[in-house]
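S.K.: Sharing a structure here in structure tokens format.
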Protein chains: 2
Amino acid sequence: MDTQKRSTEELILEAAQAVFLEKGLAGARMQEIADRAGINKALLHYYFRSKEKLSALIIERAISVILPRVMAVLDTDLELFDKIRLVVDTYLTFVSRNSFLPLFIVNEVNRNPQFFFRTVVDNKRTHLDKFRRQVEEAVAQGRIHPISPAQLFMNVMSLVIFPFLGKPIIQVGLGLSEEEFKREMEHRHTEVAEFVIRAIRA
Amino acid sequence: MDTQKRSTEELILEAAQAVFLEKGLAGARMQEIADRAGINKALLHYYFRSKEKLSALIIERAISVILPRVMAVLDTDLELFDKIRLVVDTYLTFVSRNSFLPLFIVNEVNRNPQFFFRTVVDNKRTHLDKFRRQVEEAVAQGRIHPISPAQLFMNVMSLVIFPFLGKPIIQVGLGLSEEEFKREMEHRHTEVAEFVIRAIRA
DNA sequence: CGCAGATTTAACCAGCTAGTTAAACCATCC
DNA sequence: GGATGGTTTAACTAGCTGGTTAAATCTGCG
């Protein structure tokens, strides 16, 4: 019973995630979710009463799966440059396997920011403090060029996430095949971190 | 008649753009577009027969308003570092005044890449060649660190565009007020270019 | 077996949405 | 004044969507 129950519930959640990520919240259809989960609409509503509740679950799931990873790395005691290398690699590795996630999250967070506010933030804000102090200290010691932690954080996030959002634009703009794009993205695992480090090293 | 006609058509297009950008393609309602344009649904369909045709127009408009700006700058004869400074400033200035555009474009381009393919690409691909040669030349002359034009292009695009897409994430993550976020974004007009230049300068 | 919960089936509803239609209204221009 | 074309009004449709319902079926378990 337990395995059956969990398996059906998981089946639905996986199908829902897939459909929501592909079509967006407004574009997703409950019928399609049911179809992909191999069940019918009645059972879908039997498990998750409404589309709203289901989508809220998916959003929460999506965010809480990706955000803690970064925060955990930022919170370690690693030396700044190594921390940058690790956060870049961690993030890129994860997102490579979930390449639709960024677009979905960015969308829903923009569409409904206060949801994001409440769910994830309160317990995580402290994590950035260590990173912030670390950057300010490195600047004060003259080890890196003057840069605010906010700017550095934005830059790292941008370099890591954007290529997944802008894939079609980049691919078309540069005339890359699927294979070539993939290869360029793999280069980034090491290149992005070194790019950032060269940019800030004094 | 001419002024009347143009004004109504423009009114609709502006209203449509506003609604599409806010709600996304699937979330936008023809009724709301009509309301915001100060007309009724019948007239809306009288001007633009279907939602599909209207949205196609808006997408094309949105893309063709932002893409040529970057391409034009990349196509100039400016020295590489100055070109980076100009493209960053040009882009940031424009996007600051149209901060919903990136999310909309990224969405629709991901949802329907082949549309983007056909509309914009053919005539523009050549523009990047000059930039590409310029980067390869600078690398060959040892004036900048070895980096592929593709990586550099991705990096600049990322640093410029992403903060607008990830605004809520960044704002909440860093605990910035609206005012503080705005100030950080203004810093970027100069900081991003110098960040990139430091990263590549040999 | 008989019970309970999971699952299916199929039909249904109410609400919304894109799009249509037809008749009337109004301004402009000839 | 009358034709023209933009504009309004209001009612309508056809289709889809989320959600419900009730009865039937299946499944494992005591």
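Ligands are numbered from 1 in the order shown, residues from 1 within each chain, and chains are lettered A, B, ... in the order they appear in the structure tokens.
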Please provide the set of residues having any atom within 12 Å of A:Thr93, restricted to only C-alpha atoms (C1' of nucleotides), with same-chain residues fewer than 6 positions apart removed, written as a list in words.
M.R.: Ile66, Arg69, Val70, Leu86, Val87, Ser99, Val160, Ile161, Met185, Glu186, His187, Arg188, His189 and Thr190 of chain A
S.K.: Taking only C-alpha atoms into account and nothing else, which residues of chain B lie no more than 8 Å away from chain A? Please answer as an NGL selection string.
M.R.: :B and (23 or 26-27 or 103 or 106-107 or 109-111 or 113 or 117 or 121 or 125 or 128 or 150-151 or 154-155 or 158-159 or 161-163 or 165-170 or 172-175 or 184 or 188 or 195-200)
S.K.: Would you list which chain D residues are within 10 Å of chain A using only C-alpha atoms (C1' of nucleotides), as number ranges by chain?
M.R.: D: 17-21, 27-28
S.K.: What would the file look like if the residues just selected were written as a PDB file, in the first residue's frame with N, CA and C atoms (P, O5', C5', C4', C3', O3' and C1' of nucleotides)?
M.R.:
```
ATOM      1  P    DT D  17      -8.087  22.899 -22.871  1.00  0.00           P
ATOM      2  O5'  DT D  17      -8.452  23.370 -21.407  1.00  0.00           O
ATOM      3  C5'  DT D  17      -8.675  24.751 -21.142  1.00  0.00           C
ATOM      4  C4'  DT D  17      -9.174  24.891 -19.727  1.00  0.00           C
ATOM      5  C3'  DT D  17      -8.709  23.743 -18.835  1.00  0.00           C
ATOM      6  O3'  DT D  17      -7.961  24.238 -17.763  1.00  0.00           O
ATOM      7  C1'  DT D  17     -11.060  24.121 -18.632  1.00  0.00           C
ATOM      8  P    DG D  18      -7.291  23.211 -16.734  1.00  0.00           P
ATOM      9  O5'  DG D  18      -8.204  23.396 -15.448  1.00  0.00           O
ATOM     10  C5'  DG D  18      -8.340  24.688 -14.884  1.00  0.00           C
ATOM     11  C4'  DG D  18      -9.413  24.665 -13.826  1.00  0.00           C
ATOM     12  C3'  DG D  18      -9.153  23.670 -12.698  1.00  0.00           C
ATOM     13  O3'  DG D  18      -9.475  24.283 -11.460  1.00  0.00           O
ATOM     14  C1'  DG D  18     -11.233  23.182 -13.762  1.00  0.00           C
ATOM     15  P    DG D  19      -9.161  23.515 -10.122  1.00  0.00           P
ATOM     16  O5'  DG D  19     -10.520  22.717  -9.916  1.00  0.00           O
ATOM     17  C5'  DG D  19     -11.723  23.468  -9.813  1.00  0.00           C
ATOM     18  C4'  DG D  19     -12.907  22.531  -9.776  1.00  0.00           C
ATOM     19  C3'  DG D  19     -12.752  21.330  -8.835  1.00  0.00           C
ATOM     20  O3'  DG D  19     -13.672  21.482  -7.750  1.00  0.00           O
ATOM     21  C1'  DG D  19     -13.766  20.741 -10.900  1.00  0.00           C
ATOM     22  P    DT D  20     -13.864  20.306  -6.706  1.00  0.00           P
ATOM     23  O5'  DT D  20     -15.138  19.572  -7.310  1.00  0.00           O
ATOM     24  C5'  DT D  20     -16.263  20.358  -7.697  1.00  0.00           C
ATOM     25  C4'  DT D  20     -17.435  19.448  -8.028  1.00  0.00           C
ATOM     26  C3'  DT D  20     -17.634  18.281  -7.041  1.00  0.00           C
ATOM     27  O3'  DT D  20     -18.966  18.339  -6.565  1.00  0.00           O
ATOM     28  C1'  DT D  20     -17.603  17.489  -9.292  1.00  0.00           C
ATOM     29  P    DT D  21     -19.394  17.464  -5.301  1.00  0.00           P
ATOM     30  O5'  DT D  21     -20.216  16.295  -5.992  1.00  0.00           O
ATOM     31  C5'  DT D  21     -20.942  16.558  -7.183  1.00  0.00           C
ATOM     32  C4'  DT D  21     -21.390  15.257  -7.822  1.00  0.00           C
ATOM     33  C3'  DT D  21     -21.514  14.067  -6.855  1.00  0.00           C
ATOM     34  O3'  DT D  21     -22.850  13.605  -6.881  1.00  0.00           O
ATOM     35  C1'  DT D  21     -20.336  13.459  -8.837  1.00  0.00           C
ATOM     36  P    DT D  27      -6.780  -5.619 -10.437  1.00  0.00           P
ATOM     37  O5'  DT D  27      -6.163  -5.408  -8.987  1.00  0.00           O
ATOM     38  C5'  DT D  27      -5.836  -4.097  -8.533  1.00  0.00           C
ATOM     39  C4'  DT D  27      -5.614  -4.117  -7.031  1.00  0.00           C
ATOM     40  C3'  DT D  27      -5.102  -5.453  -6.516  1.00  0.00           C
ATOM     41  O3'  DT D  27      -3.753  -5.300  -6.078  1.00  0.00           O
ATOM     42  C1'  DT D  27      -6.849  -4.566  -5.131  1.00  0.00           C
ATOM     43  P    DG D  28      -2.940  -6.619  -5.610  1.00  0.00           P
ATOM     44  O5'  DG D  28      -3.002  -6.396  -4.026  1.00  0.00           O
ATOM     45  C5'  DG D  28      -2.687  -5.113  -3.480  1.00  0.00           C
ATOM     46  C4'  DG D  28      -3.130  -5.040  -2.036  1.00  0.00           C
ATOM     47  C3'  DG D  28      -2.584  -6.176  -1.155  1.00  0.00           C
ATOM     48  O3'  DG D  28      -2.066  -5.595   0.048  1.00  0.00           O
ATOM     49  C1'  DG D  28      -4.950  -6.065  -0.959  1.00  0.00           C
TER      50       DG D  28
END
```
S.K.: For chain A, report every residue with an atom at most 9 Å from chain C (counting only C-alpha atoms (C1' of nucleotides)), formatted as a compact mmCIF listing (two decimals) with N, CA and C atoms, in the first residue's frame.
M.R.:
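Result file is out10.txt:
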```
# COMPACT_ATOMS: atom_id res chain seq x y z
N LYS A 5 0.99 3.80 -2.96
CA LYS A 5 0.52 5.16 -2.71
C LYS A 5 1.60 6.18 -3.06
N ILE A 39 -2.91 8.39 -15.32
CA ILE A 39 -4.14 8.26 -14.54
C ILE A 39 -5.21 9.16 -15.16
N ASN A 40 -6.34 9.29 -14.50
CA ASN A 40 -7.38 10.16 -15.03
C ASN A 40 -7.60 11.39 -14.16
N ALA A 42 -10.07 12.58 -12.57
CA ALA A 42 -10.75 12.43 -11.28
C ALA A 42 -9.76 12.07 -10.19
N LEU A 43 -8.88 11.13 -10.52
CA LEU A 43 -7.90 10.72 -9.51
C LEU A 43 -6.91 11.84 -9.20
```
S.K.: When you draw a straight line from atom C1' of D:DA14 to atom CA of B:Lys53, how long is it in Å?
M.R.: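 Atom CA of B:Lys53 lies 20.4 Å from atom C1' of D:DA14.
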S.K.: Would you please extract all helix (DSSP H, G or I) residues from stretch 28-124 of chain A, as assigned by DSSP on the backbone, and give them as JSON, numbers by chain?
M.R.: {"A": [30, 31, 32, 33, 34, 35, 36, 37, 41, 42, 43, 44, 45, 46, 47, 51, 52, 53, 54, 55, 56, 57, 58, 59, 60, 61, 62, 63, 64, 65, 66, 67, 68, 69, 70, 71, 72, 73, 74, 80, 81, 82, 83, 84, 85, 86, 87, 88, 89, 90, 91, 92, 93, 94, 95, 96, 97, 101, 102, 103, 104, 105, 106, 107, 108, 109, 110, 111, 113, 114, 115, 116, 117, 118, 119, 120, 121]}
S.K.: Suppose you want the space between atom CA of A:Thr8 and atom CA of A:Phe115; what is it in Å?
M.R.: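 If I compute the distance from atom CA of A:Thr8 to atom CA of A:Phe115, I get 27.4 Å.
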S.K.: Have a look at atom C1' of D:DA10 and atom CA of B:Arg36 and let me know their distance in Å, one decimal.
M.R.: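 Atom-to-atom, atom C1' of D:DA10 to atom CA of B:Arg36, that is 19.9 Å.
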S.K.: Using only C-alpha atoms (C1' of nucleotides), find the one residue out of B:Glu60, B:Gly38, B:Phe48, B:Phe94 that sits nearest to D:DT8.
M.R.: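 Ranking B:Glu60, B:Gly38, B:Phe48, B:Phe94 by distance to D:DT8, first place goes to B:Gly38.
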